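**Student:** Let me begin by handing over the structure; questions about it come next.
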Amino acid sequence: MGIRFAFLRVSAIIWLLNYVSPSMGAAEMLYSSHFIIRYEGDAPEGVFYQLPEILEEAYEILSQELGSSLTNPVEVKVYRTTRSFTQSTGKPWWIAATHEGSRIEIQPIELLRKRGTLPSTLRHELTHIFVNKISQSRCPLWLNEALALHFSGEGLRLVRKYGGRVFKNPPTPEIIQETLENPKDPLSSEQAYWQAYGAFQCLLKRQEGLKRLLYELEELGRKSGTSVPEDPFWWGDLFMSCKE
Ligand SMILES: [Zn+2]
């Protein structure tokens with residue numbers, strides 16, 4: 001099922017103020033309907049001030065596509081340098097962004113803007129927050145990443161780069177999980193994303209589309225408190241079902 005990224009004009013009310021925190025030095029803050037955006041230091045002119053609109057547009061699309069909304073505002077922290085991003089998050093330099101709970105942390109926006117990946121990076125991280133809410137954080141990591149690739153449009157880029165064929169020797173979910181959790185280098189990490197996305201494509205075929213899959217995720221969330229089934233989305237024979 002293709003997703004239509006229709007352009008939505010979001011008339012978010014935005015407040016801007018300068019904020020000085022005694023412990024962290026000067027920071028610039030932007031507020032919109034669903035986001036609190038913080039820039040480490042004095043924000044440069046330009047793209048930082050477009051973040052509320054980019055984020056609110058992503059929120060609207062995901063809210064519609066996933067049939068859900070978020071209870072709390074999402075905090076977005078924008079780092080001034082890659083070094084401060086890696087030092088603070090513990091992530092490698094080639095990771096564009098990360099999230100924890102309802103907080104997103106991203107690399108310098110100028111860097112992402114030049115690569116043309118700023119909106120897709122934000123949509124990717126925001127998808128995780130929606131999926132965690134829907135599934136009560138019980139969605140398997142590979143599927144959570146695949147959904148983020150789907151809604152950010154990054155999955156199509158990977159298919160263009162590596163192809164969309166079914167793998168002859170599909171990796172185990174444990175290998176994928178380990179690579180996604182502890183990425184060692186950009187190439188193996190990107191290929192793990194691609195493999196997760198491939199499994200997701202098979203799952204969509206088997207599940208009769210995204211709607212059914214979202215229902216399964218909600219069901220998983222409703223059963224929170226019980227243990228997550230070992231392989232709730234049948235990675236084991238997903239690739240086989242894709243060949244049929
Ligand atoms: Zn992700």
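Identifiers in the structure tokens: chain A, B, ... in order shown; residue index from 1 per chain; ligand index from 1 in order shown.
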Please identify every polymer residue within 8 Å of ligand 1, using only C-alpha atoms and all ligand atoms, and present the set as a PyMOL selection string.
**Tutor:** chain A and resi 98+124-125+128+144-145+148-149
**Student:** Can you list every residue in range 52-147 of chain A that DSSP puts in strand (DSSP E), as a ChimeraX atom specification?
**Tutor:** /A:74-78,97-100,103-106
**Student:** Find, counting only C-alpha atoms, the residue in A:Glu56, A:Glu100, A:Ala27, A:Phe35 that gets nearest to Tyr79 in chain A.
**Tutor:** A:Ala27
**Student:** Find, counting only C-alpha atoms, the residue in A:Leu143, A:Lys184, A:Thr127, A:Glu105 that gets nearest to Gln64 in chain A.
**Tutor:**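 When distances to Gln64 in chain A are compared using only C-alpha atoms, the smallest one comes from A:Thr127.
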**Student:** For Ser189 in chain A, please output as a PyMOL selection string all residues within 8 Å (counting only C-alpha atoms; exclusion window: fewer than 6 positions along the same chain).
**Tutor:** chain A and resi 179-180+183
**Student:** Write out as a count of residues only which residues come within 10 Å of range 67-72 of chain A when counting only C-alpha atoms, dropping same-chain ones fewer than 3 positions away.
**Tutor:** 17
**Student:** Taking only range 35-150 of chain A into account, list the residues labelled alpha helix (DSSP H) by DSSP (computed from the backbone), as JSON, numbers by chain.
**Tutor:** {"A": [51, 52, 53, 54, 55, 56, 57, 58, 59, 60, 61, 62, 63, 64, 65, 66, 82, 83, 84, 85, 86, 87, 88, 89, 109, 110, 111, 112, 113, 114, 115, 118, 119, 120, 121, 122, 123, 124, 125, 126, 127, 128, 129, 130, 131, 132, 133, 134, 135, 141, 142, 143, 144, 145, 146, 147, 148, 149, 150]}
**Student:** Go through A:Gln195, A:Gln177, A:Ser135, A:Ser152 one by one, measure the shortest atom-to-atom distance of each to Leu217 in chain A using only C-alpha atoms, and give the residue with the smallest value.
**Tutor:**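 Closest to Leu217 in chain A, using only C-alpha atoms: A:Ser135.
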**Student:** For a test of reading the model, state the distance in Å between CA of Gly153 in chain A and CA of Glu57 in chain A, rounded to one decimal.
**Tutor:**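 Atom-to-atom, CA of Gly153 in chain A and CA of Glu57 in chain A are spaced 14.6 Å apart.
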**Student:** Between CA of Val76 in chain A and CA of Ile104 in chain A, what distance in Å does the model show, to one decimal?
**Tutor:** 4.7 Å
**Student:** Could you give me, as a Markdown table, every range 29-56 of chain A residue with an atom at most 10 Å from range 107-117 of chain A, plus its closest atom pair and distance in Å to one decimal, counting only C-alpha atoms, rows ordered by chain then number?
**Tutor:**
| residue | atom | partner | partner_atom | distance |
| --- | --- | --- | --- | --- |
| A:Tyr39 | CA | A:Pro108 | CA | 9.4 |
| A:Glu40 | CA | A:Pro108 | CA | 9.7 |
| A:Pro44 | CA | A:Glu110 | CA | 9.3 |
| A:Gly46 | CA | A:Glu110 | CA | 9.4 |
| A:Val47 | CA | A:Ile109 | CA | 7.3 |
| A:Phe48 | CA | A:Ile109 | CA | 7.1 |
| A:Leu51 | CA | A:Ile109 | CA | 9.3 |
**Student:** Output the selection as an mmCIF file, in the first residue's frame - N, CA and C atoms for each residue.
**Tutor:**
data_model
loop_
_atom_site.group_PDB
_atom_site.id
_atom_site.type_symbol
_atom_site.label_atom_id
_atom_site.label_comp_id
_atom_site.auth_asym_id
_atom_site.auth_seq_id
_atom_site.Cartn_x
_atom_site.Cartn_y
_atom_site.Cartn_z
ATOM 1 N N TYR A 39 17.009 24.232 20.713
ATOM 2 C CA TYR A 39 18.291 24.300 20.024
ATOM 3 C C TYR A 39 19.378 24.552 21.051
ATOM 4 N N GLU A 40 20.435 23.786 20.930
ATOM 5 C CA GLU A 40 21.552 23.932 21.863
ATOM 6 C C GLU A 40 22.365 25.167 21.459
ATOM 7 N N PRO A 44 20.832 29.323 14.465
ATOM 8 C CA PRO A 44 21.117 30.119 13.267
ATOM 9 C C PRO A 44 19.809 30.522 12.595
ATOM 10 N N GLY A 46 17.054 30.820 9.670
ATOM 11 C CA GLY A 46 16.674 29.903 8.594
ATOM 12 C C GLY A 46 15.949 28.665 9.045
ATOM 13 N N VAL A 47 16.535 27.512 8.717
ATOM 14 C CA VAL A 47 15.779 26.253 8.741
ATOM 15 C C VAL A 47 15.269 25.881 10.137
ATOM 16 N N PHE A 48 15.955 26.299 11.191
ATOM 17 C CA PHE A 48 15.485 25.970 12.542
ATOM 18 C C PHE A 48 14.051 26.450 12.748
ATOM 19 N N LEU A 51 11.184 24.225 11.545
ATOM 20 C CA LEU A 51 10.950 22.925 12.189
ATOM 21 C C LEU A 51 9.518 22.726 12.676
#
**Student:** Which residue, A:Leu158, A:Ala196, A:Leu126, A:Cys242, has the smallest gap to Leu66 in chain A when you use only C-alpha atoms?
**Tutor:** A:Leu126
**Student:** Please list as a PyMOL selection string every residue within 8 Å of Leu55 in chain A, counting only C-alpha atoms and excluding residues in the same chain fewer than 5 positions away.
**Tutor:** chain A and resi 35+119+122-123
**Student:** Using the selection just defined, write its residues with C-alpha atoms as a PDB file, in the first residue's frame.
**Tutor:**
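Below is the file that was written, selection_1.pdb:
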ATOM      1  CA  PHE A  35       6.241  19.840  19.887  1.00  0.00           C
ATOM      2  CA  PRO A 119      11.877  15.903   6.863  1.00  0.00           C
ATOM      3  CA  LEU A 122      11.997  13.668  11.624  1.00  0.00           C
ATOM      4  CA  ARG A 123       9.176  11.496  10.236  1.00  0.00           C
TER       5      ARG A 123
END
